[in-house]
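J.: So that you have it, the file is protein_36.txt, and it contains compact mmCIF, C-alpha atoms:
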```
# COMPACT_ATOMS: atom_id res chain seq x y z
CA MET A 148 108.47 115.80 86.78
CA PRO A 149 105.62 116.88 89.07
CA GLU A 150 103.44 119.72 87.80
CA PHE A 151 103.93 121.64 91.06
CA GLU A 152 107.42 122.14 92.43
CA PRO A 153 108.04 120.31 95.72
CA ALA A 154 108.29 122.50 98.82
CA ALA A 155 111.76 124.05 98.83
CA ASP A 156 112.29 123.73 102.59
CA ALA A 157 110.68 120.69 104.20
CA SER A 158 111.31 122.16 107.65
CA VAL A 159 108.93 125.06 106.95
CA LYS A 160 105.44 123.88 107.84
CA PRO A 161 102.63 125.16 105.61
CA LYS A 162 99.44 126.50 107.17
CA ILE A 163 96.71 124.23 105.86
CA THR A 164 92.98 124.58 106.43
CA LEU A 165 90.52 122.04 105.04
CA HIS A 166 86.97 123.30 104.58
CA TRP A 167 85.03 120.07 105.08
CA LEU A 168 81.39 119.18 104.38
CA ASN A 169 79.54 116.22 105.86
CA GLN A 170 78.49 113.41 103.48
CA SER A 171 80.79 114.63 100.75
CA ARG A 172 84.02 114.13 98.86
CA SER A 173 85.77 116.11 101.62
CA GLN A 174 86.54 112.91 103.51
CA ARG A 175 89.05 111.89 100.85
CA ILE A 176 91.11 114.99 101.56
CA VAL A 177 91.23 114.26 105.29
CA TRP A 178 92.54 110.81 104.38
CA LEU A 179 95.11 112.34 102.00
CA LEU A 180 96.35 114.79 104.63
CA GLU A 181 96.71 111.92 107.11
CA GLU A 182 98.68 109.88 104.57
CA LEU A 183 100.96 112.88 104.01
CA GLY A 184 101.49 113.39 107.73
CA LEU A 185 100.76 117.10 107.45
CA GLU A 186 99.41 119.31 110.20
CA TYR A 187 96.10 120.92 109.30
CA ASP A 188 92.97 122.50 110.68
CA ILE A 189 89.42 121.49 109.76
CA LYS A 190 86.62 123.99 109.35
CA ASN A 191 83.50 121.83 109.25
CA TYR A 192 80.18 122.67 107.61
CA MET A 193 76.86 120.85 107.69
CA ARG A 194 74.61 120.43 104.67
CA THR A 195 71.48 122.54 104.59
CA PRO A 196 67.99 120.90 104.50
CA ALA A 197 68.31 121.16 100.70
CA MET A 198 71.51 119.06 100.97
CA MET A 199 73.69 121.96 99.81
CA ALA A 200 76.74 123.54 101.39
CA PRO A 201 75.96 126.69 103.41
CA GLU A 202 75.95 130.00 101.53
CA GLU A 203 78.95 131.25 103.54
CA VAL A 204 81.20 128.87 101.60
CA LYS A 205 80.86 131.23 98.60
CA GLU A 206 82.92 133.73 100.57
CA ILE A 207 85.87 131.35 100.13
CA HIS A 208 85.17 130.27 96.54
CA PRO A 209 82.39 131.68 94.33
CA LEU A 210 80.96 128.25 93.43
CA GLY A 211 80.42 127.35 97.07
CA LYS A 212 81.46 123.72 96.58
CA LEU A 213 83.47 121.68 99.07
CA PRO A 214 86.11 120.46 99.75
CA ILE A 215 88.30 123.53 99.62
CA VAL A 216 91.85 123.55 100.94
CA VAL A 217 93.71 126.75 101.78
CA VAL A 218 97.49 126.33 101.82
CA ASP A 219 99.07 129.51 103.15
CA ASP A 220 97.54 132.05 100.73
CA LYS A 221 96.46 129.61 98.00
CA VAL A 222 92.79 128.58 97.73
CA LEU A 223 92.44 125.15 96.12
CA ALA A 224 89.11 123.77 94.90
CA GLU A 225 88.27 120.49 93.10
CA SER A 226 89.41 117.24 94.67
CA GLY A 227 91.65 116.24 91.75
CA LEU A 228 93.59 119.50 91.82
CA ILE A 229 93.85 119.43 95.61
CA THR A 230 95.21 115.90 95.46
CA GLU A 231 97.77 116.63 92.77
CA TYR A 232 98.96 119.83 94.44
CA LEU A 233 99.38 118.35 97.91
CA ILE A 234 101.13 115.23 96.64
CA ASP A 235 103.46 117.13 94.29
CA LYS A 236 104.34 119.59 97.04
CA PHE A 237 104.51 117.42 100.12
CA GLY A 238 104.13 113.71 99.31
CA PRO A 239 106.14 112.38 96.35
CA ASP A 240 105.80 108.82 97.70
CA LEU A 241 102.10 108.89 96.78
CA ARG A 242 103.01 109.62 93.14
CA PRO A 243 104.43 106.77 91.01
CA LYS A 244 107.91 107.18 89.59
CA ASP A 245 107.89 104.97 86.46
CA GLU A 246 106.06 106.18 83.36
CA ASP A 247 103.57 103.31 83.01
CA SER A 248 102.40 103.61 86.62
CA LEU A 249 102.36 107.41 86.35
CA LEU A 250 100.05 107.19 83.33
CA LYS A 251 97.68 104.94 85.28
CA TYR A 252 97.87 107.31 88.26
CA LYS A 253 96.97 110.32 86.11
CA TYR A 254 94.24 108.39 84.33
CA PHE A 255 92.48 107.28 87.50
CA LEU A 256 92.76 110.76 89.05
CA HIS A 257 90.61 112.01 86.16
CA TYR A 258 88.50 108.87 85.73
CA ALA A 259 87.19 108.98 89.32
CA GLU A 260 85.24 112.21 88.81
CA GLY A 261 85.02 112.42 85.03
CA SER A 262 83.74 108.94 84.19
CA LEU A 263 82.78 106.92 87.26
CA MET A 264 81.08 109.50 89.48
CA PRO A 265 78.35 110.72 87.04
CA PRO A 266 76.39 107.42 86.98
CA MET A 267 76.81 107.14 90.75
CA LEU A 268 75.19 110.57 91.16
CA VAL A 269 72.36 109.62 88.82
CA GLY A 270 71.86 106.51 90.93
CA PHE A 271 71.56 108.61 94.09
CA ILE A 272 69.05 110.92 92.40
CA ILE A 273 66.96 108.05 91.05
CA GLY A 274 66.96 106.42 94.48
CA GLY A 275 65.76 109.66 96.05
CA ILE A 276 62.97 110.05 93.52
CA THR A 277 61.88 106.42 93.88
CA ASN A 278 61.68 106.67 97.67
CA ALA A 279 60.17 110.17 97.83
CA PRO A 280 56.81 110.49 99.65
CA VAL A 281 54.23 111.06 96.91
CA PRO A 282 50.51 110.23 96.49
CA PHE A 283 49.99 106.51 95.83
CA PHE A 284 48.47 107.12 92.39
CA VAL A 285 51.67 108.86 91.22
CA LYS A 286 53.92 106.00 92.35
CA PRO A 287 53.42 103.81 89.24
CA LEU A 288 54.36 106.68 86.91
CA ILE A 289 57.47 107.49 88.93
CA ARG A 290 58.45 103.84 89.04
CA MET A 291 58.01 103.53 85.27
CA ILE A 292 60.32 106.49 84.66
CA THR A 293 62.98 105.50 87.19
CA SER A 294 63.01 101.84 86.08
CA GLY A 295 63.60 103.03 82.52
CA VAL A 296 66.61 105.07 83.63
CA GLU A 297 67.91 102.12 85.64
CA SER A 298 67.59 99.58 82.82
CA ARG A 299 68.75 101.79 79.93
CA TYR A 300 71.43 103.90 81.60
CA LEU A 301 72.44 102.86 85.11
CA LYS A 302 72.79 99.09 84.84
CA PRO A 303 74.76 99.13 81.55
CA ASN A 304 77.07 101.84 82.93
CA TYR A 305 77.56 100.06 86.23
CA LYS A 306 78.45 96.85 84.44
CA ALA A 307 80.90 98.54 82.06
CA HIS A 308 82.69 100.42 84.82
CA PHE A 309 82.89 97.63 87.35
CA ASP A 310 83.86 94.98 84.81
CA PHE A 311 86.69 97.34 83.83
CA LEU A 312 87.80 97.98 87.41
CA GLU A 313 87.58 94.29 88.33
CA SER A 314 89.89 93.53 85.40
CA GLU A 315 92.34 96.27 86.40
CA LEU A 316 92.47 95.11 90.02
CA SER A 317 92.93 91.51 88.96
CA ALA A 318 96.30 92.55 87.52
CA ARG A 319 97.67 94.51 90.48
CA PRO A 320 96.76 95.42 94.09
CA TYR A 321 96.32 99.15 93.49
CA LEU A 322 95.03 101.16 90.58
CA ALA A 323 98.36 102.65 89.50
CA GLY A 324 100.49 99.58 90.24
CA GLU A 325 102.00 97.66 93.10
CA GLU A 326 102.05 100.65 95.47
CA PHE A 327 99.25 102.72 96.99
CA SER A 328 98.92 106.20 95.45
CA GLY A 329 96.78 109.33 95.48
CA ALA A 330 94.61 107.79 92.75
CA ASP A 331 93.38 105.20 95.24
CA ILE A 332 92.30 107.96 97.61
CA LEU A 333 90.29 109.75 94.90
CA MET A 334 88.63 106.51 93.83
CA SER A 335 87.36 105.83 97.35
CA PHE A 336 84.31 108.12 97.12
CA PRO A 337 82.76 106.74 93.91
CA LEU A 338 83.36 103.16 95.09
CA VAL A 339 81.65 103.84 98.42
CA ALA A 340 78.87 105.51 96.43
CA ALA A 341 78.63 102.39 94.27
CA LYS A 342 78.12 100.22 97.35
CA ARG A 343 75.39 102.56 98.61
CA VAL A 344 73.40 102.42 95.37
CA GLY A 345 73.73 98.63 95.24
CA ALA A 346 76.00 98.51 92.20
CA LEU A 347 78.43 96.04 93.82
CA GLU A 348 75.89 93.60 95.27
CA GLY A 349 75.87 89.90 94.48
CA GLY A 350 79.56 89.10 94.86
CA ALA A 351 80.29 89.66 91.16
CA TYR A 352 83.31 91.85 91.87
CA PRO A 353 85.54 90.16 94.45
CA LYS A 354 88.70 92.06 93.48
CA ILE A 355 86.95 95.41 93.94
CA SER A 356 85.64 94.29 97.33
CA GLU A 357 89.14 93.18 98.38
CA TYR A 358 90.54 96.49 97.16
CA ILE A 359 88.01 98.54 99.14
CA LYS A 360 88.89 96.56 102.28
CA ARG A 361 92.63 96.89 101.62
CA CYS A 362 92.34 100.67 101.38
CA GLY A 363 90.05 100.84 104.41
CA ASP A 364 92.61 98.93 106.49
CA ARG A 365 95.22 101.67 106.10
CA GLU A 366 96.05 103.45 109.33
CA ALA A 367 95.69 106.89 107.75
CA PHE A 368 92.17 105.98 106.59
CA LYS A 369 91.24 104.90 110.11
CA ARG A 370 92.65 108.12 111.60
CA ALA A 371 90.71 110.20 109.09
CA THR A 372 87.49 108.36 109.94
CA ILE A 373 87.97 108.89 113.67
CA LYS A 374 88.84 112.55 113.16
CA THR A 375 85.59 113.36 111.34
CA GLU A 376 83.05 110.89 112.75
CA ALA A 377 81.94 113.41 115.40
CA PHE A 378 81.18 115.91 112.63
CA GLU A 379 79.21 113.32 110.66
CA THR A 380 77.23 112.34 113.75
CA ALA A 381 76.37 115.97 114.43
CA GLY A 382 75.18 116.33 110.84
CA ALA A 383 72.97 113.24 111.11
CA LYS A 384 71.18 114.80 114.08
CA LEU A 385 70.31 118.04 112.31
```
The structure in this file should be written as structure tokens.
T.:
Amino acid sequence: MPEFEPAADASVKPKITLHWLNQSRSQRIVWLLEELGLEYDIKNYMRTPAMMAPEEVKEIHPLGKLPIVVVDDKVLAESGLITEYLIDKFGPDLRPKDEDSLLKYKYFLHYAEGSLMPPMLVGFIIGGITNAPVPFFVKPLIRMITSGVESRYLKPNYKAHFDFLESELSARPYLAGEEFSGADILMSFPLVAAKRVGALEGGAYPKISEYIKRCGDREAFKRATIKTEAFETAGAKL
């Protein structure tokens, strides 16, 4: 049984507003809404020079983190919760039916943010520190510190995670089974992040690369990209 009861009357259209932030996890929710075929509005925000969401977002949720989805009078934060709620309510086809696939679906919903995303974020931070403009005589010290983090933490974690995912995707086309699910949408952000930090270079993970392409070829993914590319371009010019 889904954790949230499906909408009682499918003919009644919910009012959905996605509060979207450039260069963020918000893009996954646009993709999800497109997969579900729901009507929705986008309120877009641009990151500040400090790469944070604007302060006004705290008027919607006190933590000021995006994405946030408002469904009628319900304010939903955290991508995993948003995904589960929207699928349970409006998109049962994106939720596996058999128990084994459902367990995988639930696992990867939590794994995406709980296990895989932390080393990706550390990789982004280390890359920013390494490439930061600093006096030349400080560079060797910074490089010594960042290379230590890379060798002792990042590379072992990257290898463990991507060996695991390569094995999983060698057994089936999607993370929860034979069919695409909401877990694949949530996994998109950390896998794109992995490509950006160079964790998938060298051709060592062909199944992951095929999987990323397979997901990117979906029509809903393409529609989501087109829908938000103007916002991303505007953010890049700030």
J.: Given only C-alpha atoms as the basis, pick out the residue of A:Ser158, A:Ser248, A:Ser298, A:Asn278 nearest to Leu322 in chain A.
T.: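 For Leu322 in chain A, the nearest of the given residues is A:Ser248.
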J.: Check the smallest atom-to-atom distance from each of A:Arg172, A:Lys212, A:Lys251, A:Lys369 to Thr230 in chain A using all atoms listed in the file, then report the winner.
T.: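 Of all the options, A:Arg172 lies closest to Thr230 in chain A.
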J.: Work out how far apart CA of Asp364 in chain A and CA of Pro337 in chain A are and give it in Å to one decimal.
T.: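 Pair CA of Asp364 in chain A / CA of Pro337 in chain A returns 17.8 Å.
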J.: Using only C-alpha atoms, can you tell me which of A:Ala371, A:Leu256, A:Leu268, A:Ala323 comes closest to Gly184 in chain A?
T.: A:Ala371
J.: Could you work out how far CA of Leu179 in chain A lies from CA of Trp167 in chain A, giving the answer in Å with one decimal?
T.: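 Spanning CA of Trp167 in chain A to CA of Leu179 in chain A is a straight-line distance of 13.1 Å.
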J.: For Thr372 in chain A, work out the shell of residues within 10 Å, counting all atoms listed in the file and skipping chain neighbours fewer than 3 positions away, then give it as a list of chain:residue names.
T.: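 So, after excluding close chain neighbours, the residues are A:Gln174, A:Arg175, A:Val177, A:Trp178, A:Gly363, A:Glu366, A:Ala367, A:Phe368, A:Lys369, A:Thr375, A:Glu376, A:Ala377, A:Glu379.
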J.: Using only C-alpha atoms, determine which residues lie at most 10 Å from Ile355 in chain A, disregarding the query and same-chain residues fewer than 3 positions distant; provide the list as a list of chain:residue names.
T.: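 Skipping anything fewer than 3 positions along the chain leaves A:Phe309, A:Asp310, A:Leu312, A:Glu313, A:Ser314, A:Glu315, A:Leu316, A:Ser317, A:Pro320, A:Leu338, A:Leu347, A:Gly350, A:Ala351, A:Tyr352, A:Tyr358, A:Ile359, A:Lys360, A:Arg361.
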J.: Please indicate the distance in Å from CA of Thr277 in chain A to CA of Phe311 in chain A, rounded to one decimal place.
T.: 28.3 Å
J.: Find the residues near Pro201 in chain A: any atom within 8 Å, counting all atoms listed in the file, skip ones fewer than 5 places away on the same chain, and give them as a list in words.
T.: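 Skipping anything fewer than 5 positions along the chain leaves Tyr192, Met193, Arg194, Thr195 and Gly211 of chain A.
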J.: Determine the nearest neighbour of Ala279 in chain A from the options A:His257, A:Lys190, A:Thr293, A:Leu165, counting all atoms listed in the file.
T.: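 Using all atoms listed in the file, Ala279 in chain A sits closest to A:Thr293.
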